[in-house]
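Undergrad: One structure, pasted below without further comment.
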Amino acid sequence: MDGKINIKEIILKLLSKWYYFLIAMFIVIPLAYAYLKFTPKQYQVRASLLLKSEDPNAMSSEQFLKGMDLFTPKTELEDEIGILKSYSMVEQAMRQLDFAVAYYTKKNFVETERYEDSPFTIQLDSAVDQFIYLPIYIERISSTKFRVTASGKKVSAYNYVTNTVESLVEKVEINEEGSVDKPFVTKNLSFTIKFNDQFKPDKDTQMFFVLNTLGSLVEGYQGKLGIEPIALESNIVELGVKGRVVEKEIRFLDKLLEVYLENELYKKNQLGLKTIQFIDNQLAGVSDTLRQVEGSLEHFRSRNNILDVNSTANNLTANLDKLEEDKADLEVKLKYYTFLANTLKKESDISDIVVPSALGLDDPLLNNLLLELSKLYQERTGYNYNAKENNPLIEIVDMKIRNSKKSISENVSNMIEVTAIALTDVNNRIFKIQKNLNALPKNERELVKIQRSFEFNDNVYNYLLEKRAEAGIAIASNSIQKTIVDRPYQVGSGPVSPNSKVIYGLALFVGLAGTIAFIVIKDFLNDNIVTHEDVERNTKIPFIGAITHGNKREQGTIIAHARSPIGESFRSLRVNLQYLTLGKNANVIGITSSRESEGKTFCSVNLAAAMAHSGRKTILIDTDMRRPKVASYFQLKNKKGLSNFLIGDCSIKEIINPTESKGFDVIGSGPIPPNPIDLIGHPRMEELINTLKQNYSTIILDSPPLGYVSEYIILMKYTDANIYVVRSDYTHRNSLSKINKLYERKKISNVSILLNDVKTSKRTGYGYGYEYKF
């Protein structure tokens, strides 16, 4: 052999085992069908959401880090995906859904989860700890009665108020009846049931429900929730989830998107809400002052009967009012700057501080600085989702925040000084006008003072109300740049898993691959001689031929003359033997094997019949006096035979038995002697062979197996040709070791290997063909 792989031979060998593949298909196809039938169907639900970037421009430091592969361009988008898929976000959505109770029906071993079409609805008693993860079966007895059964070990009792496991029950056995109009109460299980259809007895269908915890639901949905951008540079993400009930998965995605958008809008409204809170605090003080001034004015007029003042007082009052308005503006600014300065001294997050423009203060520089600081804090919050604690990007942002706060603090300090100077100047001017007003009559002065105070507080109050209304309008008109592109919808018209095409394809692949692997492994582990090639690989002894496999009827009869593959095999063997014994008038052919049941007697009988059928006078001698079998082929009683002759009990003529075939005689083994090896070595054996050579052209010796005893070693001195029978897929490769040693040491000559019981197949194209076994 040259070591090359013969692909054609391998294919033919596999094809010869077609029935293995057929058996495999009969196994895997039903298994695939059962898997598809009993595996819960999974449906795909999808939705898409636009996550628009708030700040598409990257900082120069970010550009630097990008070049070092320390920053991802999609960080903001990935942050939003992380928020959307976070435990807290899924938990908020799950708290608003009714997924704690899962409903199921079971029929013909197939379990189906129900949701909107559940045959019953459970209302839990939250005051009672409930068994979780335990199938609780409901059996309707009548229109008003039902039975509850459940069984389990080490079942947890869960409190739905605190969302904690309170206890562990080692063994649970429930078998109780309940009424539809009353709560069902037992230890660690309390609920009210409502059936959604009319009572119809159905023994084939089982109904049950399972209670789940909030944590398990959140973790389960968080695990199966998939969020991916639809393209590399796109801000649209696709949300997907698989589940057993389409309506349930659609409701989950709907609620998740709703909660996410509500949270985003809430975060965006925080600035307006802070502004309104600040204005409300100011309004409270101004409102109290205004009420006091109104009371004073009304009291003064009723007491002094004074309704107006002279023109001088009006002019002075007008100037004083103008100055008081300026003073009010300056005081508001001073309060705001002081508030801002105190806030900046704190180390807390001031990303949501009120900007000057929200209060009507015209300070573009401070306004821009505060907006920039707010953006830096938002950017820092976004990085917290993905970046590690010591990430250089976070350190850069923190440094920017510190620098920005320092700049704002310096700006605010300057503004406080400038505002204080301006306020001092206004107070001086007010003091001068008040000095002039003091010269007016006392009552007029008092009236002017009260009116001025009233008008001042009234103007401040109206101003604050106007700013509060503007902030409210801003909140009402707020919108986020994140919108739902596609509402949740089912993908396709049916389940996405298990995929019947994939399962059946996988079953076919497993069946084919498994069968091939089985055949190959079986061949690898098979140490028996199977094919002609196996013979050539394990011995240097020439191969003389092969005898095809016969059916049970053929195996116990003489079929050498039959027109069949096995008959043709023996005729071919006869022709091959003629070349081994060419030029001899009488030939002695010895047939042996390594052990019993390899078919040496069958081959001896049919080879002798084939010789006789060709016109050569043939005699077959059963020299296996330990386990003789030749007599059974010819229905001989075997009372006289070889053993009788060798001990001198009868003559040659008395042991020869003619057969129905012309020119074909048989000598049986005779009674089994106690010492077969001594008889085989007796001189009368040589006398027998020499005498028979004078009357027969072919003498065939059905000899004892070579592997067990040594009689054949003695018989070899009488043989002209030796045939060593090897049975296909029965004879072990090591069984050839003894004949190989004899051949290599040249203690046996003119020997050939005959392969018996080779199963035929027309696919191989070798004569009648061999069905090679692995």
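A note on labels: chains of the structure tokens are A, B, ... as shown, every chain counts residues from 1, and ligands are counted from 1 in their shown order.
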Once you count only C-alpha atoms, what closest atom pair and distance in Å to one decimal does each residue of segment 556-639 of chain A within 10 Å of segment 644-657 of chain A have, with rows by chain and rising residue number, as CSV?
TA:
residue,atom,partner,partner_atom,distance
A:Ile619,CA,A:Ile656,CA,8.6
A:Leu620,CA,A:Ile656,CA,9.5
A:Ile621,CA,A:Ile656,CA,9.1
A:Ala631,CA,A:Asn657,CA,9.8
A:Phe634,CA,A:Asn657,CA,9.4
A:Leu636,CA,A:Asn657,CA,8.4
A:Asn638,CA,A:Ile655,CA,9.1
A:Lys639,CA,A:Asn644,CA,8.7
Undergrad: Counting only C-alpha atoms, what is within 9 Å of Asp181 of chain A, bar same-chain residues fewer than 2 positions away, as a ChimeraX atom specification?
TA: /A:144,178-179,183,192-194
Undergrad: What's the 9 Å shell around segment 523-532 of chain A, counting only C-alpha atoms, without same-chain residues fewer than 2 positions away, as an MDAnalysis selection string?
TA: chainID A and resid 518:521 534:538 543 545:546 726:734 755 758 770:774
Undergrad: Could you please take those selected residues and save C-alpha atoms as a short mmCIF file (atom, residue, chain, number, x, y, z; two decimals), in the first residue's frame?
TA:
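Okay, this is what ended up in result_35.cif:
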data_model
loop_
_atom_site.label_atom_id
_atom_site.label_comp_id
_atom_site.auth_asym_id
_atom_site.auth_seq_id
_atom_site.Cartn_x
_atom_site.Cartn_y
_atom_site.Cartn_z
CA PHE A 518 -19.92 5.52 13.75
CA ILE A 519 -18.81 3.61 10.65
CA VAL A 520 -15.31 5.10 10.77
CA ILE A 521 -14.90 4.45 14.51
CA ASP A 534 -6.94 -6.35 5.07
CA VAL A 535 -5.42 -9.69 4.11
CA GLU A 536 -2.67 -8.04 2.08
CA ARG A 537 -1.91 -5.61 4.93
CA ASN A 538 -1.52 -8.38 7.51
CA PHE A 543 -4.28 -14.41 -1.76
CA GLY A 545 -9.62 -15.95 -3.76
CA ALA A 546 -12.76 -15.02 -1.89
CA VAL A 726 -9.97 -16.59 6.89
CA ARG A 727 -13.57 -15.60 7.59
CA SER A 728 -14.49 -12.00 6.77
CA ASP A 729 -15.28 -9.88 9.85
CA TYR A 730 -14.69 -12.88 12.14
CA THR A 731 -11.03 -13.83 12.02
CA HIS A 732 -8.87 -11.58 14.19
CA ARG A 733 -5.81 -10.03 12.60
CA ASN A 734 -3.59 -11.56 15.27
CA LEU A 755 -11.21 -15.15 2.35
CA VAL A 758 -17.45 -11.88 2.00
CA TYR A 770 -17.44 -7.29 -2.03
CA GLU A 771 -19.38 -5.39 0.54
CA TYR A 772 -16.41 -4.40 2.64
CA LYS A 773 -16.99 -4.23 6.35
CA PHE A 774 -15.45 -1.64 8.61
#
Undergrad: Let me make sure I understand: among A:Asp624, A:Asp202, A:Asp702, A:Asp486, which one has the smallest atom-to-atom distance to Asn675 of chain A if we use only C-alpha atoms?
TA: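 Ranked by minimum distance to Asn675 of chain A, first place goes to A:Asp624.
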Undergrad: I'd like to know which residues of segment 614-667 of chain A are strand (DSSP E or B) (by DSSP, run on the backbone); could you write them as JSON, numbers by chain?
TA: {"A": [618, 619, 620, 621, 622, 656, 657, 658, 664, 665, 666, 667]}
Undergrad: When distances are computed from only C-alpha atoms, which of A:Gly681, A:Ile547, A:Ser126, A:Tyr461 shows the smallest separation from Arg291 of chain A?
TA: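 Of the candidates, the smallest distance to Arg291 of chain A is held by A:Tyr461.
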Undergrad: Please list as a PyMOL selection string every residue within 10 Å of segment 659-666 of chain A, counting only C-alpha atoms and excluding residues in the same chain fewer than 2 positions away.
TA: chain A and resi 605+608-622+630-631+634+636+641+655-657+668-669+696-700
Undergrad: To one decimal place in Å, what is the distance between atom CA of Asp197 of chain A and atom CA of Leu211 of chain A?
TA: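 Straight-line distance from atom CA of Asp197 of chain A to atom CA of Leu211 of chain A works out to 22.0 Å.
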Undergrad: From the list A:Thr381, A:Gln123, A:Ser216, A:Thr483, which residue is nearest Lys182 of chain A when using only C-alpha atoms?
TA: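 Once distances to Lys182 of chain A are computed over only C-alpha atoms, the minimum belongs to A:Gln123.
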Undergrad: For Leu423 of chain A, find every residue with an atom within 9 Å (counting only C-alpha atoms), except residues of its own chain fewer than 5 positions away, and show them as a list of chain:residue names.
TA: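 Neighbouring residues, sequence-local ones excluded: A:Asp326, A:Lys327, A:Leu330, A:Glu331, A:Leu334, A:Val418, A:Asn428.
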Undergrad: For the residues in that selection, give me C-alpha atoms as a PDB file, in the first residue's frame.
TA:
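Output file again_14.pdb is given in full below:
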ATOM      1  CA  ASP A 326     -32.818 100.177  39.894  1.00  0.00           C
ATOM      2  CA  LYS A 327     -32.141  99.289  43.520  1.00  0.00           C
ATOM      3  CA  LEU A 330     -29.353  95.463  41.814  1.00  0.00           C
ATOM      4  CA  GLU A 331     -30.524  93.681  44.961  1.00  0.00           C
ATOM      5  CA  LEU A 334     -26.589  90.797  44.345  1.00  0.00           C
ATOM      6  CA  VAL A 418     -19.484  96.001  40.903  1.00  0.00           C
ATOM      7  CA  ASN A 428     -26.946 107.658  48.098  1.00  0.00           C
TER       8      ASN A 428
END
Undergrad: Each residue of segment 198-279 of chain A with at least one atom at most 10 Å from segment 102-120 of chain A should appear once, together with its nearest atom pair and the corresponding distance in Å (one decimal); atoms considered: only C-alpha atoms; ordering: chain, then increasing residue number; output as JSON lines.
TA:
{"residue": "A:Gln198", "atom": "CA", "partner": "A:Pro119", "partner_atom": "CA", "distance": 9.4}
{"residue": "A:Lys203", "atom": "CA", "partner": "A:Lys107", "partner_atom": "CA", "distance": 9.4}
{"residue": "A:Asp204", "atom": "CA", "partner": "A:Lys107", "partner_atom": "CA", "distance": 5.9}
{"residue": "A:Thr205", "atom": "CA", "partner": "A:Lys107", "partner_atom": "CA", "distance": 4.7}
{"residue": "A:Gln206", "atom": "CA", "partner": "A:Lys106", "partner_atom": "CA", "distance": 4.9}
{"residue": "A:Met207", "atom": "CA", "partner": "A:Thr105", "partner_atom": "CA", "distance": 4.5}
{"residue": "A:Phe208", "atom": "CA", "partner": "A:Tyr104", "partner_atom": "CA", "distance": 5.4}
{"residue": "A:Phe209", "atom": "CA", "partner": "A:Tyr103", "partner_atom": "CA", "distance": 4.5}
{"residue": "A:Val210", "atom": "CA", "partner": "A:Ala102", "partner_atom": "CA", "distance": 5.2}
{"residue": "A:Leu211", "atom": "CA", "partner": "A:Ala102", "partner_atom": "CA", "distance": 6.4}
{"residue": "A:Asn212", "atom": "CA", "partner": "A:Ala102", "partner_atom": "CA", "distance": 7.5}
{"residue": "A:Gly243", "atom": "CA", "partner": "A:Glu113", "partner_atom": "CA", "distance": 9.9}
{"residue": "A:Arg244", "atom": "CA", "partner": "A:Glu113", "partner_atom": "CA", "distance": 6.7}
{"residue": "A:Val245", "atom": "CA", "partner": "A:Glu113", "partner_atom": "CA", "distance": 6.8}
{"residue": "A:Val246", "atom": "CA", "partner": "A:Tyr115", "partner_atom": "CA", "distance": 9.2}
{"residue": "A:Glu247", "atom": "CA", "partner": "A:Tyr115", "partner_atom": "CA", "distance": 7.5}
{"residue": "A:Lys248", "atom": "CA", "partner": "A:Tyr115", "partner_atom": "CA", "distance": 6.8}
Undergrad: Would you compute the distance between atom CA of Phe509 of chain A and atom CA of Met25 of chain A? Give it in Å to one decimal.
TA: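 Separating atom CA of Phe509 of chain A from atom CA of Met25 of chain A is a distance of 10.0 Å.
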